[in-house]
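So this one's run-v7.cif, mmCIF, C-alpha atoms:
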```cif
data_final
#
loop_
_atom_site.label_atom_id
_atom_site.label_comp_id
_atom_site.auth_asym_id
_atom_site.auth_seq_id
_atom_site.Cartn_x
_atom_site.Cartn_y
_atom_site.Cartn_z
CA MET A 294 -3.44 -5.33 -24.36
CA LEU A 295 -3.32 -3.29 -21.24
CA ARG A 296 -6.97 -3.64 -20.25
CA ASN A 297 -8.81 -6.83 -19.45
CA THR A 298 -11.12 -8.45 -22.00
CA PRO A 299 -13.91 -10.98 -21.35
CA ASP A 300 -11.40 -13.75 -22.16
CA ASN A 301 -8.06 -12.50 -20.92
CA TRP A 302 -6.36 -10.47 -18.25
CA GLY A 303 -4.67 -7.28 -19.50
CA TRP A 304 -1.01 -6.70 -18.79
CA VAL A 305 -1.76 -4.13 -16.09
CA ALA A 306 -3.81 -6.64 -14.08
CA ILE A 307 -1.17 -9.32 -14.65
CA ALA A 308 1.62 -7.00 -13.50
CA PHE A 309 -0.43 -5.98 -10.43
CA HIS A 310 -1.05 -9.61 -9.55
CA TRP A 311 2.53 -10.79 -9.69
CA ILE A 312 4.14 -7.71 -8.17
CA VAL A 313 1.71 -7.78 -5.26
CA ALA A 314 2.21 -11.56 -4.91
CA ALA A 315 6.00 -11.18 -4.80
CA ALA A 316 5.76 -8.29 -2.32
CA VAL A 317 3.28 -10.09 -0.02
CA ILE A 318 5.26 -13.32 0.08
CA GLY A 319 8.56 -11.44 0.34
CA LEU A 320 7.26 -9.31 3.22
CA PHE A 321 5.97 -12.39 5.00
CA PHE A 322 9.32 -14.16 4.98
CA LEU A 323 11.25 -10.95 5.64
CA GLY A 324 9.01 -10.26 8.64
CA TRP A 325 9.24 -13.81 9.93
CA TRP A 326 13.02 -13.74 9.65
CA MET A 327 13.68 -10.26 10.99
CA VAL A 328 11.78 -10.61 14.28
CA ASP A 329 14.30 -13.17 15.47
CA LEU A 330 17.42 -11.35 14.34
CA ASN A 331 20.20 -11.01 16.87
CA TYR A 332 20.62 -7.48 18.25
CA TYR A 333 24.13 -7.35 16.77
CA SER A 334 23.06 -8.49 13.29
CA PRO A 335 23.86 -5.96 10.53
CA TRP A 336 20.25 -6.49 9.40
CA TYR A 337 18.73 -5.65 12.80
CA VAL A 338 17.90 -2.09 11.77
CA ARG A 339 17.94 -2.44 7.98
CA ALA A 340 15.50 -5.34 7.65
CA PRO A 341 12.63 -3.65 9.54
CA ASP A 342 13.29 -0.42 7.59
CA ILE A 343 12.92 -2.32 4.32
CA HIS A 344 9.86 -4.20 5.64
CA LYS A 345 8.13 -0.95 6.61
CA SER A 346 9.08 0.89 3.41
CA VAL A 347 7.91 -1.92 1.12
CA GLY A 348 4.76 -2.29 3.23
CA ILE A 349 3.77 1.35 2.76
CA LEU A 350 4.44 1.16 -0.99
CA LEU A 351 2.41 -2.05 -1.17
CA PHE A 352 -0.49 -0.29 0.50
CA GLY A 353 -0.59 2.21 -2.36
CA LEU A 354 -0.19 -0.53 -4.94
CA VAL A 355 -3.02 -2.67 -3.54
CA ALA A 356 -5.30 0.36 -3.43
CA LEU A 357 -4.53 1.14 -7.10
CA ARG A 358 -5.00 -2.52 -7.96
CA LEU A 359 -8.41 -2.56 -6.36
CA VAL A 360 -9.43 0.55 -8.32
CA TRP A 361 -8.15 -1.06 -11.53
CA ARG A 362 -10.13 -4.19 -10.77
CA LEU A 363 -13.33 -2.24 -10.18
CA VAL A 364 -13.09 -0.17 -13.38
CA ASN A 365 -12.17 -3.12 -15.63
CA VAL A 366 -14.18 -6.03 -16.93
CA ARG A 367 -13.34 -9.32 -15.27
CA PRO A 368 -12.48 -12.19 -17.59
CA ARG A 369 -15.06 -14.96 -17.33
CA PRO A 370 -13.87 -17.80 -15.12
CA GLU A 371 -13.02 -21.05 -16.84
CA PRO A 372 -15.91 -23.55 -16.78
CA GLY A 373 -16.29 -25.41 -13.53
CA PRO A 374 -18.74 -26.21 -10.75
CA ALA A 375 -20.42 -23.34 -8.93
CA TRP A 376 -18.82 -24.19 -5.59
CA GLU A 377 -15.37 -23.83 -7.14
CA HIS A 378 -16.18 -20.37 -8.50
CA LEU A 379 -17.69 -19.38 -5.19
CA LEU A 380 -14.65 -20.59 -3.27
CA ALA A 381 -12.27 -18.83 -5.64
CA GLU A 382 -14.25 -15.60 -5.32
CA ALA A 383 -14.42 -15.81 -1.53
CA VAL A 384 -10.68 -16.46 -1.25
CA HIS A 385 -9.95 -13.50 -3.56
CA TRP A 386 -11.92 -11.04 -1.47
CA LEU A 387 -10.58 -12.45 1.78
CA ILE A 388 -7.07 -11.96 0.43
CA TYR A 389 -7.86 -8.32 -0.31
CA LEU A 390 -9.41 -7.88 3.12
CA LEU A 391 -6.47 -9.48 4.89
CA MET A 392 -3.91 -7.52 2.88
CA PHE A 393 -5.49 -4.25 3.98
CA ALA A 394 -5.84 -5.45 7.58
CA ILE A 395 -2.19 -6.55 7.68
CA LEU A 396 -0.96 -3.32 6.13
CA ALA A 397 -3.05 -1.31 8.58
CA THR A 398 -1.95 -3.22 11.68
CA GLY A 399 1.66 -3.07 10.49
CA TYR A 400 1.38 0.69 10.11
CA LEU A 401 0.00 0.96 13.66
CA ILE A 402 3.11 -0.59 15.27
CA PRO A 403 5.94 1.92 14.70
CA THR A 404 3.52 4.87 14.66
CA ALA A 405 1.95 3.95 18.02
CA GLN A 406 3.69 6.78 19.87
CA GLY A 407 3.56 9.35 17.10
CA ALA A 408 6.69 8.54 15.10
CA PRO A 409 6.28 8.67 11.32
CA ILE A 410 7.34 5.87 8.95
CA SER A 411 10.13 6.77 6.58
CA VAL A 412 9.87 5.07 3.19
CA PHE A 413 13.45 4.44 2.08
CA GLY A 414 14.21 8.00 3.22
CA TRP A 415 12.20 9.32 0.22
CA PHE A 416 9.18 10.54 2.19
CA GLU A 417 7.48 10.04 5.52
CA VAL A 418 4.03 8.78 6.38
CA PRO A 419 2.84 10.49 9.56
CA ALA A 420 1.19 8.75 12.50
CA TRP A 421 -2.57 9.25 12.41
CA VAL A 422 -3.69 6.83 15.10
CA THR A 423 -1.67 6.93 18.30
CA GLY A 424 -1.89 6.39 22.00
CA ILE A 425 -4.23 3.41 22.20
CA GLN A 426 -3.11 1.59 25.35
CA ASN A 427 -0.31 -0.82 24.34
CA GLN A 428 -1.16 -0.16 20.69
CA GLU A 429 2.17 -1.49 19.41
CA ASP A 430 1.72 -4.82 21.22
CA ILE A 431 -1.90 -5.36 20.15
CA ALA A 432 -1.23 -4.29 16.56
CA GLY A 433 1.85 -6.52 16.53
CA ASP A 434 -0.07 -9.62 17.64
CA LEU A 435 -2.82 -8.99 15.10
CA HIS A 436 -0.26 -8.31 12.38
CA ARG A 437 1.41 -11.66 13.01
CA TRP A 438 -1.78 -13.77 13.12
CA LEU A 439 -3.33 -12.03 10.14
CA ALA A 440 -0.13 -12.60 8.16
CA TRP A 441 -0.22 -16.32 8.94
CA SER A 442 -3.91 -16.42 7.98
CA LEU A 443 -3.09 -14.70 4.69
CA MET A 444 -0.44 -17.30 3.97
CA ALA A 445 -3.02 -20.03 4.52
CA LEU A 446 -5.30 -18.31 2.00
CA VAL A 447 -2.39 -17.87 -0.41
CA ALA A 448 -1.78 -21.61 -0.16
CA ILE A 449 -5.46 -22.33 -0.98
CA HIS A 450 -5.32 -19.81 -3.83
CA ALA A 451 -2.14 -21.33 -5.28
CA ALA A 452 -3.44 -24.89 -4.82
CA GLY A 453 -6.58 -23.88 -6.69
CA ALA A 454 -4.54 -22.42 -9.56
CA LEU A 455 -2.36 -25.54 -9.78
CA GLN A 456 -5.39 -27.82 -9.65
CA GLN A 457 -7.00 -25.92 -12.54
CA HIS A 458 -3.77 -26.14 -14.50
CA PHE A 459 -2.59 -29.69 -13.91
CA ILE A 460 -5.76 -31.59 -13.14
CA LYS A 461 -8.50 -29.77 -15.01
CA ARG A 462 -6.02 -28.58 -17.66
CA ASN A 463 -7.78 -25.27 -18.31
CA ARG A 464 -6.39 -21.75 -18.93
CA THR A 465 -6.83 -20.30 -15.44
CA LEU A 466 -3.11 -20.15 -14.62
CA LYS A 467 -1.97 -19.52 -18.19
CA ARG A 468 -4.25 -16.49 -18.38
CA MET A 469 -2.59 -14.96 -15.34
CA LEU A 470 0.82 -15.64 -16.89
CA GLY A 471 -0.23 -13.77 -20.03
CA ILE A 472 -0.06 -16.88 -22.20
CA ARG A 473 -2.78 -16.64 -24.86
CA ARG A 474 -2.71 -20.29 -25.85
CA MET B 212 11.56 40.73 52.58
CA ARG B 213 8.91 40.85 55.24
CA ARG B 214 6.75 38.42 53.32
CA LEU B 215 9.72 36.06 53.06
CA MET B 216 10.29 36.19 56.81
CA ILE B 217 6.64 35.33 57.44
CA ALA B 218 6.97 32.43 55.07
CA PHE B 219 10.03 31.14 56.91
CA ALA B 220 8.32 31.55 60.26
CA ALA B 221 5.31 29.62 58.97
CA LEU B 222 7.57 26.86 57.71
CA ALA B 223 9.43 26.67 61.00
CA PHE B 224 6.15 26.14 62.83
CA ALA B 225 4.76 23.66 60.35
CA LEU B 226 7.74 21.31 60.33
CA PRO B 227 8.10 20.05 63.91
CA LEU B 228 4.40 19.28 64.25
CA GLN B 229 4.67 15.77 62.78
CA ALA B 230 4.87 12.94 65.27
CA ALA B 231 3.04 9.61 64.91
CA PRO B 232 3.32 7.38 61.79
CA GLU B 233 1.41 9.05 59.01
CA THR B 234 -0.27 7.45 56.06
CA PHE B 235 0.32 9.17 52.76
CA THR B 236 -1.44 9.13 49.43
CA ILE B 237 0.93 8.89 46.52
CA ASP B 238 0.58 11.78 44.10
CA LYS B 239 0.79 9.91 40.82
CA GLY B 240 1.05 13.11 38.85
CA HIS B 241 4.32 13.87 40.61
CA THR B 242 5.74 10.40 40.99
CA PHE B 243 8.09 8.92 38.42
CA ILE B 244 9.54 5.45 38.16
CA ASN B 245 12.49 5.88 35.88
CA PHE B 246 15.15 3.47 34.80
CA LYS B 247 18.21 3.60 32.68
CA VAL B 248 20.26 0.88 31.04
CA SER B 249 23.35 1.00 28.91
CA HIS B 250 22.78 0.89 25.17
CA ILE B 251 25.40 -1.84 24.65
CA GLY B 252 28.06 0.54 25.98
CA PHE B 253 27.38 3.54 23.72
CA SER B 254 25.16 5.75 25.82
CA TRP B 255 22.19 5.48 28.17
CA LEU B 256 18.71 4.38 27.40
CA PRO B 257 16.26 5.95 29.83
CA GLY B 258 12.69 4.80 30.27
CA ARG B 259 9.86 4.80 32.77
CA PHE B 260 6.83 2.92 33.99
CA THR B 261 3.79 5.14 33.87
CA ASP B 262 1.25 2.95 35.67
CA PHE B 263 1.81 2.00 39.29
CA ASP B 264 0.22 2.13 42.70
CA GLY B 265 1.50 2.14 46.23
CA THR B 266 1.00 2.74 49.91
CA LEU B 267 3.24 4.73 52.14
CA VAL B 268 3.54 5.22 55.87
CA TYR B 269 6.11 7.66 57.18
CA ASP B 270 7.10 8.17 60.78
CA GLU B 271 9.07 11.31 61.29
CA ALA B 272 9.75 10.69 64.98
CA ASN B 273 10.87 7.11 64.39
CA PRO B 274 11.81 6.72 60.71
CA ALA B 275 12.42 2.98 61.19
CA ASN B 276 8.63 2.57 61.42
CA SER B 277 8.21 3.87 57.88
CA LYS B 278 6.88 1.47 55.27
CA VAL B 279 6.37 1.54 51.57
CA GLU B 280 4.82 -0.87 49.12
CA PHE B 281 4.65 -0.43 45.36
CA THR B 282 3.21 -2.35 42.46
CA VAL B 283 4.19 -1.45 38.93
CA ASN B 284 2.17 -2.35 35.85
CA MET B 285 4.88 -3.75 33.55
CA PRO B 286 3.09 -3.20 30.22
CA SER B 287 3.21 0.52 31.02
CA LEU B 288 6.92 0.57 30.16
CA ASN B 289 7.76 3.53 27.97
CA THR B 290 11.04 4.44 26.29
CA ASP B 291 9.47 6.78 23.70
CA HIS B 292 9.96 4.33 20.85
CA ALA B 293 7.02 2.05 20.02
CA GLU B 294 8.95 -0.81 18.44
CA ARG B 295 11.51 -0.90 21.23
CA ASP B 296 8.79 -0.81 23.90
CA LYS B 297 7.06 -3.72 22.17
CA HIS B 298 10.36 -5.60 22.14
CA LEU B 299 11.20 -4.84 25.79
CA ARG B 300 7.74 -6.02 26.86
CA SER B 301 8.05 -9.20 24.79
CA SER B 302 9.28 -12.59 25.92
CA ASP B 303 12.82 -11.55 24.88
CA PHE B 304 12.98 -9.31 27.97
CA LEU B 305 10.22 -8.61 30.49
CA GLU B 306 7.41 -10.98 29.36
CA ALA B 307 5.06 -8.26 30.46
CA ASP B 308 1.89 -10.08 29.46
CA LYS B 309 2.83 -13.03 31.66
CA TYR B 310 4.46 -11.13 34.55
CA ARG B 311 2.14 -8.16 34.53
CA THR B 312 3.22 -6.60 37.81
CA ALA B 313 6.47 -5.89 39.55
CA LYS B 314 6.36 -5.39 43.29
CA PHE B 315 8.45 -3.73 45.95
CA VAL B 316 7.81 -4.31 49.66
CA SER B 317 10.03 -2.49 52.13
CA THR B 318 11.66 -4.32 55.02
CA ALA B 319 13.62 -1.50 56.66
CA TYR B 320 14.04 2.26 56.52
CA GLU B 321 17.34 3.34 58.06
CA LYS B 322 17.89 7.03 58.56
CA LYS B 323 21.39 7.37 60.01
CA SER B 324 21.50 11.06 59.16
CA GLU B 325 19.88 13.48 56.74
CA ASN B 326 22.47 12.45 54.18
CA ASP B 327 22.53 8.73 54.83
CA ILE B 328 19.17 7.11 54.34
CA THR B 329 18.70 3.56 53.12
CA LEU B 330 15.48 1.85 52.17
CA ARG B 331 15.66 -1.93 52.08
CA GLY B 332 13.09 -4.26 50.65
CA ASN B 333 12.22 -7.10 48.34
CA LEU B 334 11.76 -6.41 44.68
CA THR B 335 9.87 -8.87 42.49
CA ILE B 336 10.26 -8.67 38.72
CA LYS B 337 9.36 -11.49 36.32
CA GLY B 338 8.33 -13.59 39.30
CA LYS B 339 11.79 -13.46 40.87
CA THR B 340 12.24 -11.80 44.23
CA GLN B 341 15.55 -10.23 45.26
CA PRO B 342 16.56 -7.95 48.14
CA VAL B 343 17.39 -4.43 47.03
CA GLU B 344 18.70 -1.30 48.71
CA PHE B 345 17.66 2.20 47.71
CA LYS B 346 19.68 5.29 48.59
CA VAL B 347 17.03 7.76 49.66
CA VAL B 348 16.98 11.54 49.79
CA GLU B 349 14.20 13.13 51.80
CA MET B 350 13.22 16.30 50.08
CA ALA B 351 10.73 18.99 51.05
CA ALA B 352 8.10 18.31 53.66
CA ALA B 353 5.65 21.16 53.99
CA LYS B 354 2.18 22.40 53.36
CA ASP B 355 1.78 22.68 49.61
CA PRO B 356 0.05 25.65 47.92
CA TRP B 357 -3.15 23.58 47.47
CA GLY B 358 -3.92 22.77 51.07
CA ASN B 359 -2.20 19.42 51.69
CA PHE B 360 0.78 18.39 53.74
CA ARG B 361 3.19 17.09 51.14
CA ARG B 362 6.48 15.20 51.22
CA GLY B 363 8.96 14.54 48.48
CA TRP B 364 11.58 11.82 48.16
CA SER B 365 13.98 10.49 45.63
CA ALA B 366 15.37 6.98 45.74
CA LYS B 367 18.02 5.28 43.67
CA THR B 368 19.28 1.76 43.22
CA SER B 369 20.90 -0.46 40.67
CA ILE B 370 19.79 -4.02 39.96
CA ALA B 371 21.50 -6.80 38.08
CA LEU B 372 19.27 -7.81 35.15
CA ALA B 373 20.45 -11.41 35.40
CA ASP B 374 19.07 -11.62 38.98
CA PHE B 375 15.60 -11.19 37.55
CA GLY B 376 16.03 -13.37 34.50
CA ILE B 377 16.18 -10.43 32.12
CA ASP B 378 18.46 -10.79 29.08
CA ASP B 379 21.62 -8.79 29.77
CA PHE B 380 23.22 -9.28 26.34
CA GLY B 381 25.73 -11.71 27.76
CA GLY B 382 26.82 -9.28 30.45
CA VAL B 383 27.20 -6.27 28.13
CA VAL B 384 24.19 -4.59 29.73
CA LYS B 385 24.61 -5.84 33.30
CA ASN B 386 22.54 -3.41 35.32
CA ALA B 387 19.47 -1.29 35.29
CA ASP B 388 19.64 1.87 37.36
CA ILE B 389 16.31 2.68 38.92
CA GLU B 390 15.50 6.15 40.14
CA ILE B 391 12.24 7.11 41.71
CA PHE B 392 10.89 10.58 42.35
CA LEU B 393 7.99 10.42 44.70
CA GLU B 394 5.57 12.92 46.14
CA ALA B 395 2.82 12.06 48.54
CA THR B 396 0.25 13.95 50.55
CA LYS B 397 -0.82 13.20 54.08
CA LYS B 398 -4.21 11.49 54.37
#
```

Here is the file; what I need is its structure written in the form of structure tokens.
Amino acid sequence: MLRNTPDNWGWVAIAFHWIVAAAVIGLFFLGWWMVDLNYYSPWYVRAPDIHKSVGILLFGLVALRLVWRLVNVRPRPEPGPAWEHLLAEAVHWLIYLLMFAILATGYLIPTAQGAPISVFGWFEVPAWVTGIQNQEDIAGDLHRWLAWSLMALVAIHAAGALQQHFIKRNRTLKRMLGIRR
Amino acid sequence: MRRLMIAFAALAFALPLQAAPETFTIDKGHTFINFKVSHIGFSWLPGRFTDFDGTLVYDEANPANSKVEFTVNMPSLNTDHAERDKHLRSSDFLEADKYRTAKFVSTAYEKKSENDITLRGNLTIKGKTQPVEFKVVEMAAAKDPWGNFRRGWSAKTSIALADFGIDDFGGVVKNADIEIFLEATKK
């Protein structure tokens, strides 16, 4: 099944979830690593190019994912206390919010003086917002702190999934892995 | 031809009229603080600081009385490449958010001849103060087309990055050449 049902996630939603998860976590560690690269490292130019290219593609993917989420039914959450559902929901939306904020602030760094971002040399995304005083520095600081905040949320999100799986022994995690019992 | 001669005559009269020390207002639109460093030996990397302020006193009769003081807003560094500017302002190089201003205060202006002018002073970057020596060229000094008495200078020096605690890539990028083009109008 491609689409969601009241009991299960469809394959499209599952693919969106795990691809975005891999990209977000990959970009975090790539970004963390690349900012301290030595000037003479062979990755000094390549790593930021990959980071920027994947970031732009992720922006498109997250936007599509959000549309898919809004036009699909959401599977009912597994039984549990209201505060757990509320927390899960809040963390989900905060993750979306932070992803967009991180992608936006990341975009504002290299484009600060009008340069476009090349995505693997396939196409270029032009600079729309430029010339804010010290834009690249401000956007860079925000980008870093938002990324760390997102990782904290990701940790809560993952801890929640593991708790549902190992302690409450329900289908929350299995459903996202496409396992139908 | 006749018009040209009148212009020359006007200039000849205008020039020798200066005497006492004169205070000038720096024309920021026509003043440039440029620098250039080696890109690890390949070519040059030029850049500039776009935000600065200064005071200037010039004494034509006794050039030794001339004085200049400049402060430069370090976050205004610009090398036309956002990510590089961010990196150069960061703690890897200039720590521009901690050491927000660089300062130059002159200590001597020595005009041995028209072609041998030296400006000495103390330059502070990243909180470290070092004596520096600029080679100066005095350029035009005349009434400008907009009603002010205007002077132009250029000044050049080279500083060792290590003297100011700026990463010099282990000596690969030893120096920064600084070149200033300055125009100022008489107050």

Exercise. Apply the PyMOL selection byres ((chain A and resi 342-350) around 12) to the file shown and report the selected residues as an MDAnalysis selection string.
Key: (chainID A and resid 312:313 315:328 336:341 351:357 392:404 409:419) or (chainID B and resid 294)

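Near chain A, the residues of chain B that fall inside 8 Å (using all atoms listed in the file) are Pro286, Ser287, Asp291, His292, Ala293, Glu294 and Lys297 of chain B.
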
Exercise. Could you give me, as a PyMOL selection string, the residues that have an atom at most 9 Å away from the point (22.2, 1.8, 38.6) in the coordinates of the file, using all atoms listed in the file?
Key: chain B and resi 246-248+367-371+386-390

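The two atoms in question, CA of Ala275 in chain B and CA of Lys322 in chain B, are spaced 7.3 Å apart.
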
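Counting from CA of Leu363 in chain A, the distance to CA of Leu443 in chain A is 21.9 Å.
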
Self-check item: Matched chain/residue IDs from the PyMOL selection byres ((chain A and resi 295-298) around 7), as a list in words
Solution: Met294, Pro299, Asp300, Asn301, Trp302, Gly303, Trp304, Val305, Asn365, Val366, Arg367 and Pro368 of chain A

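Going from CA of Lys397 in chain B to CA of Thr234 in chain B covers 6.1 Å.
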
Self-check item: Residue list as a ChimeraX atom specification for point (4.6, -2.6, 39.1), cut-off 12 Å, all atoms listed in the file
Solution: /B:244,259-265,280-288,305,307,310-316,334-338

Let me know the centre plus edge lengths, in Å and rounded to one decimal, of a box with edges along x, y and z that contains all listed atoms of range 410-428 of chain A and is padded by 8 Å on every side, as AutoDock Vina command-line options.
```
--center_x 5.0 --center_y 4.9 --center_z 12.8 --size_x 34.4 --size_y 27.4 --size_z 41.1
```

Exercise. Step by step, work through what the PyMOL selection byres ((chain B and resi 359-361) around 7) selects in the shown file, and finish by giving those residues as a VMD selection string.
Key: chain B and resid 352 to 355 357 to 358 362 to 363 394 to 397

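For the residues B:His298, B:Asp303, B:Asn245, B:Lys385, ranking by smallest atom-to-atom distance to Ala366 in chain B using all atoms listed in the file places B:Asn245 first.
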
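Distances here use only C-alpha atoms; by that measure, the residue among A:Leu330, A:Val360, A:Leu387, A:Ala381 closest to Phe309 in chain A is A:Val360.
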
Quiz item: What lies within 10 Å of Ala373 in chain B using only C-alpha atoms, ignoring chain neighbours under 5 positions off, as a list in words?
Solution: Asp378, Asp379, Phe380, Gly381, Gly382, Val384, Lys385 and Asn386 of chain B

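With all atoms listed in the file as the basis for measurement, B:Pro274 is the residue among B:Pro274, B:Pro356, B:Gly258, B:Gly252 that approaches Pro232 in chain B most closely.
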